[in-house]
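Enquirer: Sharing a structure below in structure tokens format, with a few things to ask.
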Amino acid sequence: MSVTQQQVLDSLTQVASPRGVPLTNANVLSAISVTDGKVFFSINVDAAEARAWESVRAQAEAAVRAIPGVSTAMIALTAERKPGSPRPESAPAPHRHAHGVQPASAHRPPQGGPSPMSKQAEIPGVAAIIAVASGKGGVGKSTTALNLALGLRDLGLRVGLLDADIYGPSVPRLTGINEKPQLNDERKMIPIKRFGLSIMSIGFLVEEDTAMIWRGPMVMSAITQMLRDVAWGTLDILVVDMPPGTGDAQLTLAQNVPLKGAVIISTPQDLSLIDARRGLAMFKKVNVPVLGIIENMSYFQCPECGTRSDIFGHGGARHEAERLGVSFLGEIPLHMSIRTTSDEGNPVVASDPDGPHAAIYRAIGTKVRDQLQDAIAAA
């Protein structure tokens, strides 16, 4: 059954704003996106009124989910402080630091208030959640996350992969998955099984060429939903492929689930290492252990003559790991087979399990697993 925007609007007329008028007449709704039973929109209000609107957001989500044919509903509450409006009591004033203005609550709770980490809750059945992150894009993070997950699988672990890169999901292309997730009896999404992994991505819910023009709260809502509203089952490790940078997505993950660690991806270039350093510092600020750094595109070895070329320099990530006192997990070469298998949706660890590159990813996986042994054993 095809769901229309009008059906969504009709359902929202039954939800009242804090002022008592129907939600559709409150001038707070963003554009409503409806695709194949998946509904996305935000409710945009003044930050001073945000607390009163949270229950309205929940009622709106419930109303939309009740529409026949709706499989997924992601509704975010976007709160912005208008010039001259009072600051809500629960929101501390921003503090300034060397790189601009950042809300104090991002890393430091207000005096006597709850910690930002107080909302952390385990995902039932998942022993350990780790983030694969980078300070910048273009360093091969998603390819590395997928092949690392496969390397962990080869060690006998039950592994899931969550593609949390909302703006540029790569996992559907890297895995060759074109199908949509189904819902179980509890209306949770069932992750798609491929290569022995349980996989979920926002890319499974929207078309590949869809522009995700979402504000931060919508991104945070989507990541939370993919963590909580997915039937992950029993997993030893859930690998989360993070978007590049150190923004809302990273903080949302750290504040929602107790991460057992983060893996930082970098290339040997100084510019990439600077950004990797920022990513590492961010995870340390939110008390997430850094499992180590991987140097991707570490070197190029000519398949014809065997000559090795350090195109982007070499050894930078190893030296950075030593300087910062974290583990150096390994070097991954810049090689045609890693690129072509990724483009074909058949990653190198799965397509050439006995090859040298699969062995590199498994060796890195072994170092990651060894640091997570206590968490896995306790589950």
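Within each chain, counting starts at residue 1; across the structure tokens, chains are named A, B, ... in the order shown, with ligands numbered 1 upward in that order.
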Check the DSSP output for the backbone and give back, as number ranges by chain, the residues of segment 110-242 of chain A in strand (DSSP E or B).

Expert: A: 126-133, 159-163, 183, 189, 192-194, 197-201, 230, 235-241

Enquirer: Could you write those residues out with N, CA and C atoms, as a tab-separated table (two decimals), in the first residue's frame?

Expert:
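The new file result-v7.tsv reads:
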chain	number	residue	atom	x	y	z
A	126	VAL	N	23.93	-7.33	22.27
A	126	VAL	CA	25.17	-6.88	21.64
A	126	VAL	C	26.24	-6.71	22.73
A	127	ALA	N	27.31	-7.49	22.64
A	127	ALA	CA	28.33	-7.47	23.69
A	127	ALA	C	29.19	-6.22	23.64
A	128	ALA	N	29.61	-5.81	22.44
A	128	ALA	CA	30.53	-4.68	22.32
A	128	ALA	C	30.20	-3.88	21.07
A	129	ILE	N	30.18	-2.56	21.20
A	129	ILE	CA	29.97	-1.67	20.07
A	129	ILE	C	31.24	-0.85	19.89
A	130	ILE	N	31.76	-0.83	18.66
A	130	ILE	CA	32.95	-0.04	18.39
A	130	ILE	C	32.68	0.89	17.21
A	131	ALA	N	33.30	2.05	17.24
A	131	ALA	CA	33.15	3.03	16.17
A	131	ALA	C	34.40	3.01	15.30
A	132	VAL	N	34.19	3.03	13.98
A	132	VAL	CA	35.30	3.22	13.04
A	132	VAL	C	35.15	4.63	12.50
A	133	ALA	N	36.13	5.48	12.77
A	133	ALA	CA	35.98	6.91	12.52
A	133	ALA	C	37.21	7.48	11.84
A	159	VAL	N	29.17	-10.81	14.13
A	159	VAL	CA	29.48	-9.40	13.88
A	159	VAL	C	28.34	-8.73	13.12
A	160	GLY	N	28.03	-7.49	13.53
A	160	GLY	CA	27.10	-6.65	12.81
A	160	GLY	C	27.81	-5.41	12.30
A	161	LEU	N	27.24	-4.77	11.28
A	161	LEU	CA	27.81	-3.55	10.72
A	161	LEU	C	26.70	-2.53	10.56
A	162	LEU	N	26.85	-1.37	11.23
A	162	LEU	CA	25.91	-0.27	11.10
A	162	LEU	C	26.57	0.87	10.34
A	163	ASP	N	26.00	1.23	9.21
A	163	ASP	CA	26.47	2.37	8.42
A	163	ASP	C	25.77	3.62	8.95
A	183	LEU	N	10.27	-5.71	8.54
A	183	LEU	CA	9.97	-5.49	9.96
A	183	LEU	C	9.57	-6.80	10.61
A	189	MET	N	13.24	-3.12	12.55
A	189	MET	CA	13.84	-3.49	11.28
A	189	MET	C	14.76	-4.69	11.45
A	192	ILE	N	19.92	-6.79	7.25
A	192	ILE	CA	20.11	-7.65	6.07
A	192	ILE	C	21.38	-8.47	6.25
A	193	LYS	N	21.29	-9.75	5.97
A	193	LYS	CA	22.42	-10.66	6.12
A	193	LYS	C	23.20	-10.72	4.80
A	194	ARG	N	24.48	-10.48	4.89
A	194	ARG	CA	25.35	-10.62	3.72
A	194	ARG	C	26.76	-10.91	4.22
A	197	LEU	N	27.44	-11.25	7.90
A	197	LEU	CA	27.28	-10.09	8.78
A	197	LEU	C	25.82	-9.69	8.84
A	198	SER	N	25.42	-9.05	9.94
A	198	SER	CA	24.11	-8.41	10.06
A	198	SER	C	24.32	-6.93	9.77
A	199	ILE	N	23.70	-6.42	8.69
A	199	ILE	CA	24.04	-5.09	8.17
A	199	ILE	C	22.82	-4.19	8.13
A	200	MET	N	23.01	-2.92	8.55
A	200	MET	CA	21.96	-1.91	8.45
A	200	MET	C	22.58	-0.60	8.00
A	201	SER	N	21.86	0.12	7.14
A	201	SER	CA	22.34	1.40	6.63
A	201	SER	C	21.14	2.27	6.30
A	230	VAL	N	16.36	-1.65	15.54
A	230	VAL	CA	16.84	-2.73	14.67
A	230	VAL	C	16.98	-4.00	15.52
A	235	LEU	N	25.04	-10.49	19.08
A	235	LEU	CA	26.29	-10.14	18.40
A	235	LEU	C	27.41	-10.04	19.41
A	236	ASP	N	28.60	-10.46	19.01
A	236	ASP	CA	29.79	-10.21	19.83
A	236	ASP	C	30.26	-8.77	19.64
A	237	ILE	N	30.24	-8.30	18.40
A	237	ILE	CA	30.71	-6.94	18.10
A	237	ILE	C	29.80	-6.31	17.06
A	238	LEU	N	29.39	-5.07	17.31
A	238	LEU	CA	28.71	-4.25	16.31
A	238	LEU	C	29.68	-3.17	15.88
A	239	VAL	N	30.09	-3.21	14.62
A	239	VAL	CA	31.01	-2.21	14.06
A	239	VAL	C	30.17	-1.08	13.48
A	240	VAL	N	30.43	0.15	13.91
A	240	VAL	CA	29.68	1.31	13.43
A	240	VAL	C	30.58	2.15	12.53
A	241	ASP	N	30.22	2.24	11.25
A	241	ASP	CA	30.94	3.07	10.30
A	241	ASP	C	30.43	4.49	10.44

Enquirer: What's around Gly355 of chain A at 12 Å? Count only C-alpha atoms, leave out sequence neighbours fewer than 6 positions away in its own chain, and write the answer as a count of residues only.

Expert: 6

Enquirer: I need the alpha helix (DSSP H) residues of segment 124-323 of chain A per DSSP on the backbone, written as number ranges by chain.

Expert: A: 141-154, 171-175, 216-228, 248-256, 270-285, 316-323

Enquirer: Pick from A:Gly151, A:Pro124, A:Gly233, A:Pro243: nearest to Ser170 of chain A, with only C-alpha atoms counted?

Expert: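 Nearest to Ser170 of chain A: A:Pro243.
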
Enquirer: When you count only C-alpha atoms, which of these residues is closest to Ala281 of chain A: A:Ser134, A:Leu227, A:Arg51, A:Gly37?

Expert: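 Answer, going by the shortest atom-to-atom distance: A:Ser134.
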
Enquirer: Calculated over only C-alpha atoms, which of the candidates A:Asp165, A:Glu179, A:Asp275, A:Asp36 has the smallest distance to Ala145 of chain A?

Expert: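 Looking only at the distances to Ala145 of chain A, the closest residue turns out to be A:Asp165.
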
Enquirer: Closest to Ser17 of chain A among A:Glu49, A:Val326, A:Gln5, A:Val39, using only C-alpha atoms?

Expert: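 Comparing A:Glu49, A:Val326, A:Gln5, A:Val39 against Ser17 of chain A, the winner is A:Glu49.
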
Enquirer: If you measure from atom CA of Phe40 of chain A to atom CA of Thr143 of chain A, what distance in Å do you get, rounded to one decimal?

Expert: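 Distance between the two atoms: 28.0 Å.
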
Enquirer: With distances taken over only C-alpha atoms, which residue among A:Gly196, A:Gly325, A:Gly315, A:Pro289 lies nearest Gln371 of chain A?

Expert: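 Selected residue with least distance to Gln371 of chain A: A:Pro289.
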
Enquirer: Excluding same-chain residues fewer than 6 positions from Lys38 of chain A, what lies within 10 Å of it counting only C-alpha atoms, as a list in words?

Expert: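 Everything that qualifies: Val3, Val64, Arg65, Gly69, Val70, Ser71, Thr72, Ala73, Met74, Leu205 and Val206 of chain A.
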
Enquirer: Tell me, in Å to one decimal, how far atom CA of Asn346 of chain A is from atom CA of Thr267 of chain A.

Expert: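 Straight-line distance from atom CA of Asn346 of chain A to atom CA of Thr267 of chain A works out to 23.1 Å.
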
Enquirer: Using atom CA of His314 of chain A and atom CA of Ile265 of chain A as the two end points, give the distance in Å to one decimal.

Expert: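 For atom CA of His314 of chain A relative to atom CA of Ile265 of chain A, the distance reads 14.3 Å.
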
Enquirer: Quick one: residues within 8 Å of Ala63 of chain A, only C-alpha atoms counted, chain neighbours fewer than 5 positions away excluded, as a PyMOL selection string?

Expert: chain A and resi 11-12+15

Enquirer: Point out the residue among A:Val171, A:Val286, A:Ala31, A:Ala375 with the least atom-to-atom distance to Gln255 of chain A, counting only C-alpha atoms.

Expert: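 Smallest distance to Gln255 of chain A is found for A:Val286.
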